[in-house]
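See below for work-v2.pdb, which holds PDB, C-alpha atoms, pLDDT in the B column.
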ATOM      1  CA  MET I   5      22.685  -9.255  19.340  1.00 51.00           C
ATOM      2  CA  ILE I   6      20.823  -9.111  22.639  1.00 47.00           C
ATOM      3  CA  GLN I   7      18.297  -6.677  21.181  1.00 48.00           C
ATOM      4  CA  LYS I   8      17.729  -9.013  18.228  1.00 47.00           C
ATOM      5  CA  ILE I   9      17.103 -11.947  20.583  1.00 42.00           C
ATOM      6  CA  ARG I  10      14.672  -9.830  22.584  1.00 43.00           C
ATOM      7  CA  ARG I  11      12.755  -8.856  19.427  1.00 47.00           C
ATOM      8  CA  ILE I  12      12.491 -12.494  18.401  1.00 46.00           C
ATOM      9  CA  PHE I  13      11.372 -13.500  21.909  1.00 43.00           C
ATOM     10  CA  TRP I  14       8.644 -10.859  22.068  1.00 44.00           C
ATOM     11  CA  GLY I  15       7.614 -11.642  18.519  1.00 46.00           C
ATOM     12  CA  VAL I  16       7.174 -15.322  19.335  1.00 46.00           C
ATOM     13  CA  ALA I  17       5.314 -14.423  22.510  1.00 44.00           C
ATOM     14  CA  LEU I  18       2.986 -12.095  20.619  1.00 46.00           C
ATOM     15  CA  VAL I  19       2.256 -14.757  18.018  1.00 45.00           C
ATOM     16  CA  ALA I  20       1.568 -17.335  20.727  1.00 46.00           C
ATOM     17  CA  VAL I  21      -0.881 -15.035  22.506  1.00 44.00           C
ATOM     18  CA  ALA I  22      -2.633 -14.087  19.276  1.00 46.00           C
ATOM     19  CA  GLY I  23      -3.316 -17.645  18.198  1.00 50.00           C
ATOM     20  CA  CYS I  24      -5.118 -18.198  14.916  1.00 57.00           C
ATOM     21  CA  GLY I  25      -8.057 -16.136  13.710  1.00 74.00           C
ATOM     22  CA  ALA I  26     -10.209 -16.348  10.617  1.00 82.00           C
ATOM     23  CA  PRO I  27      -9.406 -15.054   7.141  1.00 86.00           C
ATOM     24  CA  PRO I  28     -11.265 -11.918   5.979  1.00 92.00           C
ATOM     25  CA  PRO I  29     -14.634 -12.520   4.287  1.00 93.00           C
ATOM     26  CA  PRO I  30     -15.092 -12.002   0.542  1.00 95.00           C
ATOM     27  CA  PRO I  31     -16.373  -8.578  -0.558  1.00 96.00           C
ATOM     28  CA  GLU I  32     -20.076  -7.855  -0.926  1.00 97.00           C
ATOM     29  CA  ALA I  33     -21.435  -6.612  -4.243  1.00 97.00           C
ATOM     30  CA  SER I  34     -22.556  -3.440  -2.472  1.00 98.00           C
ATOM     31  CA  ASP I  35     -18.943  -2.750  -1.417  1.00 98.00           C
ATOM     32  CA  VAL I  36     -17.812  -2.849  -5.035  1.00 98.00           C
ATOM     33  CA  THR I  37     -20.718  -0.631  -6.114  1.00 98.00           C
ATOM     34  CA  ARG I  38     -19.872   2.032  -3.538  1.00 98.00           C
ATOM     35  CA  LEU I  39     -16.196   2.102  -4.508  1.00 98.00           C
ATOM     36  CA  ALA I  40     -17.106   2.289  -8.205  1.00 98.00           C
ATOM     37  CA  ALA I  41     -19.288   5.309  -7.451  1.00 98.00           C
ATOM     38  CA  GLY I  42     -16.450   6.897  -5.482  1.00 98.00           C
ATOM     39  CA  ILE I  43     -13.994   6.401  -8.335  1.00 98.00           C
ATOM     40  CA  ALA I  44     -16.469   7.722 -10.909  1.00 98.00           C
ATOM     41  CA  ALA I  45     -16.968  10.806  -8.714  1.00 98.00           C
ATOM     42  CA  LEU I  46     -13.283  11.719  -9.119  1.00 98.00           C
ATOM     43  CA  GLY I  47     -14.250  13.616 -12.254  1.00 97.00           C
ATOM     44  CA  SER I  48     -16.566  13.707 -15.237  1.00 97.00           C
ATOM     45  CA  GLU I  49     -13.705  12.481 -17.433  1.00 98.00           C
ATOM     46  CA  VAL I  50     -13.604   9.132 -15.617  1.00 98.00           C
ATOM     47  CA  ASP I  51     -15.159   6.345 -17.690  1.00 98.00           C
ATOM     48  CA  PRO I  52     -17.907   4.744 -15.528  1.00 98.00           C
ATOM     49  CA  GLU I  53     -17.044   1.317 -16.928  1.00 98.00           C
ATOM     50  CA  GLU I  54     -13.407   1.781 -15.942  1.00 98.00           C
ATOM     51  CA  ALA I  55     -14.531   2.875 -12.487  1.00 98.00           C
ATOM     52  CA  LYS I  56     -16.580  -0.325 -12.117  1.00 98.00           C
ATOM     53  CA  ARG I  57     -13.704  -2.473 -13.350  1.00 98.00           C
ATOM     54  CA  ALA I  58     -11.204  -0.779 -11.041  1.00 98.00           C
ATOM     55  CA  ALA I  59     -13.484  -1.254  -8.039  1.00 98.00           C
ATOM     56  CA  LYS I  60     -14.073  -4.912  -8.873  1.00 98.00           C
ATOM     57  CA  VAL I  61     -10.356  -5.585  -9.308  1.00 98.00           C
ATOM     58  CA  ALA I  62      -9.448  -3.712  -6.106  1.00 98.00           C
ATOM     59  CA  TYR I  63     -11.867  -5.697  -3.959  1.00 98.00           C
ATOM     60  CA  GLU I  64     -11.449  -9.095  -5.574  1.00 98.00           C
ATOM     61  CA  TYR I  65      -7.676  -8.908  -5.778  1.00 98.00           C
ATOM     62  CA  SER I  66      -7.435  -7.734  -2.163  1.00 98.00           C
ATOM     63  CA  HIS I  67      -9.372 -10.834  -1.143  1.00 98.00           C
ATOM     64  CA  GLN I  68      -7.188 -13.041  -3.353  1.00 98.00           C
ATOM     65  CA  LEU I  69      -4.031 -11.591  -1.804  1.00 98.00           C
ATOM     66  CA  ALA I  70      -5.429 -12.130   1.700  1.00 98.00           C
ATOM     67  CA  GLN I  71      -5.686 -15.819   0.866  1.00 97.00           C
ATOM     68  CA  GLU I  72      -2.239 -15.942  -0.728  1.00 98.00           C
ATOM     69  CA  TYR I  73      -0.690 -14.076   2.208  1.00 98.00           C
ATOM     70  CA  GLN I  74      -2.522 -16.422   4.630  1.00 97.00           C
ATOM     71  CA  ILE I  75      -4.097 -13.548   6.561  1.00 97.00           C
ATOM     72  CA  THR I  76      -5.733 -14.734   9.796  1.00 96.00           C
ATOM     73  CA  ASP I  77      -4.642 -11.992  12.210  1.00 96.00           C
ATOM     74  CA  PRO I  78      -4.703  -8.214  12.696  1.00 96.00           C
ATOM     75  CA  PRO I  79      -2.033  -6.438  10.623  1.00 96.00           C
ATOM     76  CA  ILE I  80       0.619  -5.882  13.311  1.00 95.00           C
ATOM     77  CA  ILE I  81       0.499  -9.525  14.365  1.00 96.00           C
ATOM     78  CA  HIS I  82       0.655 -10.661  10.748  1.00 97.00           C
ATOM     79  CA  ASN I  83       3.649  -8.366  10.190  1.00 96.00           C
ATOM     80  CA  THR I  84       5.378 -10.082  13.099  1.00 96.00           C
ATOM     81  CA  LYS I  85       4.699 -13.497  11.597  1.00 97.00           C
ATOM     82  CA  VAL I  86       6.064 -12.376   8.228  1.00 97.00           C
ATOM     83  CA  ASN I  87       9.210 -10.973   9.854  1.00 95.00           C
ATOM     84  CA  LEU I  88       9.682 -14.245  11.749  1.00 96.00           C
ATOM     85  CA  GLY I  89       9.287 -16.250   8.558  1.00 96.00           C
ATOM     86  CA  LEU I  90       5.992 -17.819   9.660  1.00 97.00           C
ATOM     87  CA  LYS I  91       3.914 -16.249   6.856  1.00 97.00           C
ATOM     88  CA  PRO I  92       5.009 -15.610   3.241  1.00 96.00           C
ATOM     89  CA  ARG I  93       3.963 -12.000   2.625  1.00 97.00           C
ATOM     90  CA  GLY I  94       1.572  -9.329   3.831  1.00 97.00           C
ATOM     91  CA  LEU I  95       3.602  -6.317   4.943  1.00 97.00           C
ATOM     92  CA  CYS I  96       1.966  -3.076   3.867  1.00 97.00           C
ATOM     93  CA  TRP I  97       4.354  -2.534   0.956  1.00 97.00           C
ATOM     94  CA  HIS I  98       3.591  -6.048  -0.324  1.00 98.00           C
ATOM     95  CA  TRP I  99      -0.088  -5.116  -0.525  1.00 98.00           C
ATOM     96  CA  ALA I 100       0.667  -1.739  -2.113  1.00 98.00           C
ATOM     97  CA  ARG I 101       3.060  -3.079  -4.736  1.00 97.00           C
ATOM     98  CA  ASP I 102       0.892  -6.058  -5.691  1.00 98.00           C
ATOM     99  CA  ILE I 103      -2.318  -4.022  -5.974  1.00 98.00           C
ATOM    100  CA  GLU I 104      -0.555  -1.279  -7.944  1.00 98.00           C
ATOM    101  CA  ALA I 105       0.819  -3.862 -10.381  1.00 98.00           C
ATOM    102  CA  ARG I 106      -2.545  -5.601 -10.762  1.00 98.00           C
ATOM    103  CA  LEU I 107      -4.463  -2.381 -11.426  1.00 98.00           C
ATOM    104  CA  LYS I 108      -1.871  -1.195 -13.948  1.00 98.00           C
ATOM    105  CA  ARG I 109      -2.435  -4.379 -15.928  1.00 98.00           C
ATOM    106  CA  GLU I 110      -5.923  -3.062 -16.728  1.00 98.00           C
ATOM    107  CA  ASN I 111      -4.385  -0.276 -18.866  1.00 98.00           C
ATOM    108  CA  PHE I 112      -6.946   2.295 -17.785  1.00 98.00           C
ATOM    109  CA  GLN I 113      -7.318   5.289 -20.088  1.00 98.00           C
ATOM    110  CA  THR I 114      -9.138   7.595 -17.677  1.00 98.00           C
ATOM    111  CA  LEU I 115      -7.598   6.441 -14.392  1.00 98.00           C
ATOM    112  CA  GLU I 116      -4.082   6.454 -12.976  1.00 98.00           C
ATOM    113  CA  VAL I 117      -2.469   4.371 -10.212  1.00 98.00           C
ATOM    114  CA  HIS I 118       0.008   5.821  -7.708  1.00 97.00           C
ATOM    115  CA  ARG I 119       1.934   4.763  -4.619  1.00 97.00           C
ATOM    116  CA  ALA I 120       2.017   6.741  -1.385  1.00 97.00           C
ATOM    117  CA  VAL I 121       3.835   6.483   1.946  1.00 97.00           C
ATOM    118  CA  ALA I 122       2.964   7.796   5.405  1.00 97.00           C
ATOM    119  CA  ASN I 123       4.968   8.182   8.631  1.00 93.00           C
ATOM    120  CA  SER I 124       8.355   7.954   6.913  1.00 89.00           C
ATOM    121  CA  ASP I 125       9.803  10.512   9.340  1.00 85.00           C
ATOM    122  CA  ASN I 126       7.703   9.608  12.372  1.00 83.00           C
ATOM    123  CA  ALA I 127       9.737   7.679  14.934  1.00 78.00           C
ATOM    124  CA  PHE I 128       6.622   6.793  16.911  1.00 79.00           C
ATOM    125  CA  ARG I 129       4.538   5.213  14.125  1.00 88.00           C
ATOM    126  CA  LEU I 130       5.177   2.494  11.587  1.00 89.00           C
ATOM    127  CA  GLU I 131       5.938   3.640   8.069  1.00 94.00           C
ATOM    128  CA  HIS I 132       2.979   2.660   5.904  1.00 96.00           C
ATOM    129  CA  SER I 133       2.524   2.193   2.146  1.00 97.00           C
ATOM    130  CA  THR I 134      -0.565   2.109  -0.038  1.00 98.00           C
ATOM    131  CA  ALA I 135      -1.797   2.187  -3.605  1.00 98.00           C
ATOM    132  CA  VAL I 136      -3.877   5.167  -4.744  1.00 98.00           C
ATOM    133  CA  ILE I 137      -6.150   5.520  -7.764  1.00 98.00           C
ATOM    134  CA  SER I 138      -6.979   8.882  -9.310  1.00 98.00           C
ATOM    135  CA  ARG I 139      -8.430  10.439 -12.417  1.00 98.00           C
ATOM    136  CA  ARG I 140      -5.753  10.382 -15.132  1.00 98.00           C
ATOM    137  CA  GLY I 141      -3.605  13.489 -14.887  1.00 96.00           C
ATOM    138  CA  ASP I 142      -4.438  14.151 -11.221  1.00 98.00           C
ATOM    139  CA  SER I 143      -1.945  13.733  -8.408  1.00 96.00           C
ATOM    140  CA  PHE I 144      -2.267  11.041  -5.754  1.00 96.00           C
ATOM    141  CA  ALA I 145      -3.562  13.733  -3.395  1.00 97.00           C
ATOM    142  CA  GLU I 146      -6.738  13.998  -5.481  1.00 98.00           C
ATOM    143  CA  GLY I 147      -7.269  10.237  -5.567  1.00 98.00           C
ATOM    144  CA  ILE I 148      -8.602   7.389  -3.439  1.00 98.00           C
ATOM    145  CA  VAL I 149      -6.456   5.319  -1.086  1.00 98.00           C
ATOM    146  CA  LEU I 150      -6.840   1.557  -1.612  1.00 98.00           C
ATOM    147  CA  ASP I 151      -5.521  -0.042   1.589  1.00 98.00           C
ATOM    148  CA  PRO I 152      -6.294  -3.666   2.551  1.00 98.00           C
ATOM    149  CA  TRP I 153      -3.485  -3.809   5.133  1.00 98.00           C
ATOM    150  CA  ARG I 154      -4.999  -1.666   7.862  1.00 97.00           C
ATOM    151  CA  LYS I 155      -7.997  -3.968   8.429  1.00 96.00           C
ATOM    152  CA  GLY I 156      -6.245  -7.272   7.981  1.00 96.00           C
ATOM    153  CA  GLY I 157      -7.115  -8.000   4.367  1.00 96.00           C
ATOM    154  CA  THR I 158     -10.444  -6.188   4.128  1.00 97.00           C
ATOM    155  CA  LEU I 159     -10.132  -3.276   1.702  1.00 98.00           C
ATOM    156  CA  THR I 160     -10.329   0.203   3.194  1.00 98.00           C
ATOM    157  CA  TRP I 161     -10.831   3.011   0.714  1.00 98.00           C
ATOM    158  CA  VAL I 162     -10.991   6.724   1.383  1.00 98.00           C
ATOM    159  CA  ARG I 163     -10.189   9.944  -0.465  1.00 98.00           C
ATOM    160  CA  THR I 164      -6.505  10.668   0.117  1.00 98.00           C
ATOM    161  CA  LYS I 165      -7.154  14.133   1.511  1.00 96.00           C
ATOM    162  CA  ASP I 166      -9.862  12.779   3.845  1.00 98.00           C
ATOM    163  CA  ASP I 167      -7.789   9.959   5.358  1.00 97.00           C
ATOM    164  CA  ALA I 168      -7.727  10.770   9.070  1.00 95.00           C
ATOM    165  CA  TRP I 169      -5.395   7.865   9.835  1.00 95.00           C
ATOM    166  CA  TYR I 170      -2.468   8.840   7.652  1.00 96.00           C
ATOM    167  CA  ASN I 171      -0.752  11.893   6.147  1.00 95.00           C
ATOM    168  CA  TRP I 172       0.312  10.561   2.740  1.00 97.00           C
ATOM    169  CA  GLU I 173       3.266  11.597   0.587  1.00 96.00           C
ATOM    170  CA  PRO I 174       4.293  10.436  -2.912  1.00 94.00           C
ATOM    171  CA  ARG I 175       6.301   7.213  -2.524  1.00 89.00           C
ATOM    172  CA  ASN I 176       9.139   8.231  -4.847  1.00 85.00           C
ATOM    173  CA  GLU I 177       9.683  11.532  -3.035  1.00 88.00           C
ATOM    174  CA  VAL I 178       9.979   9.667   0.266  1.00 85.00           C
ATOM    175  CA  VAL I 179      12.448   7.192  -1.254  1.00 79.00           C
ATOM    176  CA  ALA I 180      14.501  10.040  -2.730  1.00 77.00           C
ATOM    177  CA  ARG I 181      14.669  11.765   0.650  1.00 86.00           C
ATOM    178  CA  GLN I 182      15.800   8.564   2.363  1.00 78.00           C
ATOM    179  CA  LEU I 183      18.493   7.983  -0.275  1.00 75.00           C
ATOM    180  CA  GLU I 184      19.790  11.544   0.145  1.00 76.00           C
ATOM    181  CA  ARG I 185      20.210  10.947   3.868  1.00 83.00           C
ATOM    182  CA  LYS I 186      21.943   7.626   3.272  1.00 81.00           C
ATOM    183  CA  HIS I 187      24.357   8.754   0.552  1.00 80.00           C
ATOM    184  CA  GLY I 188      24.710  12.462   1.293  1.00 81.00           C
ATOM    185  CA  GLN I 189      24.014  13.366  -2.326  1.00 81.00           C
ATOM    186  CA  ILE I 190      21.160  15.037  -4.186  1.00 83.00           C
ATOM    187  CA  VAL I 191      18.552  12.577  -5.447  1.00 73.00           C
ATOM    188  CA  THR I 192      16.062  13.678  -8.106  1.00 81.00           C
ATOM    189  CA  VAL I 193      12.605  12.394  -9.019  1.00 79.00           C
ATOM    190  CA  THR I 194      12.164  12.945 -12.761  1.00 82.00           C
ATOM    191  CA  LYS I 195       8.909  13.847 -14.496  1.00 78.00           C
ATOM    192  CA  ASP I 196       8.465  10.217 -15.499  1.00 75.00           C
ATOM    193  CA  GLN I 197       8.953   9.214 -11.837  1.00 79.00           C
ATOM    194  CA  ARG I 198      12.462   7.771 -12.074  1.00 81.00           C
ATOM    195  CA  ILE I 199      14.644   8.135  -8.975  1.00 80.00           C
ATOM    196  CA  VAL I 200      18.120   9.310 -10.016  1.00 69.00           C
ATOM    197  CA  MET I 201      21.360  10.138  -8.152  1.00 71.00           C
ATOM    198  CA  GLY I 202      24.025  11.281 -10.583  1.00 76.00           C
ATOM    199  CA  GLN I 203      24.266   8.489 -13.151  1.00 72.00           C
ATOM    200  CA  THR I 204      22.626   5.931 -10.874  1.00 78.00           C
ATOM    201  CA  GLU I 205      18.929   5.080 -11.090  1.00 71.00           C
ATOM    202  CA  PHE I 206      17.160   3.484  -8.148  1.00 70.00           C
ATOM    203  CA  SER I 207      13.984   1.420  -8.050  1.00 78.00           C
ATOM    204  CA  ALA I 208      11.579   1.593  -5.124  1.00 77.00           C
ATOM    205  CA  GLN I 209       9.699  -1.325  -3.595  1.00 72.00           C
TER     206      GLN I 209
END

What is this structure when it is put down as structure tokens?
Amino acid sequence: MIQKIRRIFWGVALVAVAGCGAPPPPPEASDVTRLAAGIAALGSEVDPEEAKRAAKVAYEYSHQLAQEYQITDPPIIHNTKVNLGLKPRGLCWHWARDIEARLKRENFQTLEVHRAVANSDNAFRLEHSTAVISRRGDSFAEGIVLDPWRKGGTLTWVRTKDDAWYNWEPRNEVVARQLERKHGQIVTVTKDQRIVMGQTEFSAQ
């Protein structure tokens, strides 16, 4: 109980010191063009029109979510406000899940959307989630990370294997590992990415 009170106290203090900043600016057309080129470069099979559409959605929806999440602070401070109930959403997994869902609505034929997690077993760093886009049939490791969280609502994109900030793993494999530790039973990730323990199927955030 005392630890909980301390966390709340330091959270309130952090929020008070941070004050209010400004929301992230809207994306520039050149930002979208560069991301479209990066997505198209994932392979000759990628439809250039799909690459352009994916880039446009990624940037514009990131900006829309920043407004909906009421982003005005760096990510750690915003996380604190969300955890204190002062802001509605904006934790990294909120960004990842919402962007994944929005991109999947485009029904791409030459692109595929994944989820990845970093630092799940690192006691000294926050666990982090992101959406990843790849050429259809490729793994997340061959794709591009789409991460608006790390710069407070401004989209960061980078090839997964070139991301110096994070060592990414497939989200469902991380969830399966955590469930095995919790329940002491074998948890399987099926080929169609279902997470199964015996007769029980789990869904990940």

Review point. What does the PyMOL selection byres ((chain I and resi 178) around 12) select in this file, as a list in words?
Key: Arg119, Ala120, Val121, Ala122, Asn123, Ser124, Asp125, Glu131, His132, Ser133, Trp172, Glu173, Pro174, Arg175, Asn176, Glu177, Val179, Ala180, Arg181, Gln182, Leu183, Glu184, Arg185, Val191, Thr192, Val193, Ile199, Ala208 and Gln209 of chain I

For the contact check between range 83-109 of chain I and range 140-154 of chain I, emit one row per residue of range 83-109 of chain I within 8 Å, containing the shortest atom pair and the distance in Å rounded to one decimal, counting all atoms listed in the file, chain then rising number order, as a tab-separated table.
residue	atom	partner	partner_atom	distance
I:Gly94	CA	I:Trp153	CA	7.6
I:Leu95	CA	I:Trp153	CA	7.5
I:Cys96	CA	I:Trp153	CA	5.6
I:Trp99	CA	I:Trp153	CA	6.7
I:Ala100	CA	I:Asp151	CA	7.4

Exercise for review: Identify, on the basis of all atoms listed in the file, every residue whose closest approach to Glu32 in chain I does not exceed 10 Å; exclude the query and any residue fewer than 5 positions from it along the same chain; express the result as a PyMOL selection string.
Suggested key: chain I and resi 37+63-64

For the residues in that selection, give me C-alpha atoms as a JSON list (two decimals), in the frame of the given file.
[["chain", "number", "residue", "atom", "x", "y", "z"],
["I", 37, "THR", "CA", -20.72, -0.63, -6.11],
["I", 63, "TYR", "CA", -11.87, -5.70, -3.96],
["I", 64, "GLU", "CA", -11.45, -9.10, -5.57]]

Exercise for review: For Gly157 in chain I, list every protein, DNA or RNA residue within 7 Å, evaluated using only C-alpha atoms, and leave out those in the same chain fewer than 4 positions away; present the list as JSON, numbers by chain.
Suggested key: {"I": [28, 66, 67, 70, 75, 152, 153]}

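Note that the spacing between CA of Ile43 in chain I and CA of Gln71 in chain I amounts to 25.4 Å.
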
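Rounded to one decimal, CA of Ala40 in chain I and CA of Ala62 in chain I lie 10.0 Å from each other.
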
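Using all atoms listed in the file for every distance, the candidate list I:Lys165, I:Arg38, I:Arg198, I:Arg139 yields I:Arg139 as the residue closest to Asp51 in chain I.
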
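Here CA of Trp97 in chain I stands at a distance of 12.8 Å from CA of His118 in chain I.
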
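Restricting the calculation to only C-alpha atoms, the smallest distance between Ala135 in chain I and any of I:Leu88, I:Ala105, I:Met201, I:Ile190 is found for I:Ala105.
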
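Among the candidate residues I:Ser138, I:Asn87, I:Thr158, I:Ser207, the one lying nearest to Gly42 in chain I is I:Ser138, with distances computed using only C-alpha atoms.
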
Revision key, fill the gap. One residue among I:Ala127, I:Leu159, I:Leu115, I:Ala168 is nearest to Glu49 in chain I when using all atoms listed in the file, and that residue is I:Leu115

Check your understanding: What residues have an atom no more than 7 Å from (-15.0, 5.2, -10.7) in the file's own frame, counting all atoms listed in the file, and can you write them as a VMD selection string?
Key -> chain I and resid 40 to 46 50 52 54 to 56

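With all atoms listed in the file as the atoms that count, the residue of I:Ile81, I:Ala26, I:Leu107, I:Leu90 with the shortest distance to Lys60 in chain I is I:Leu107.
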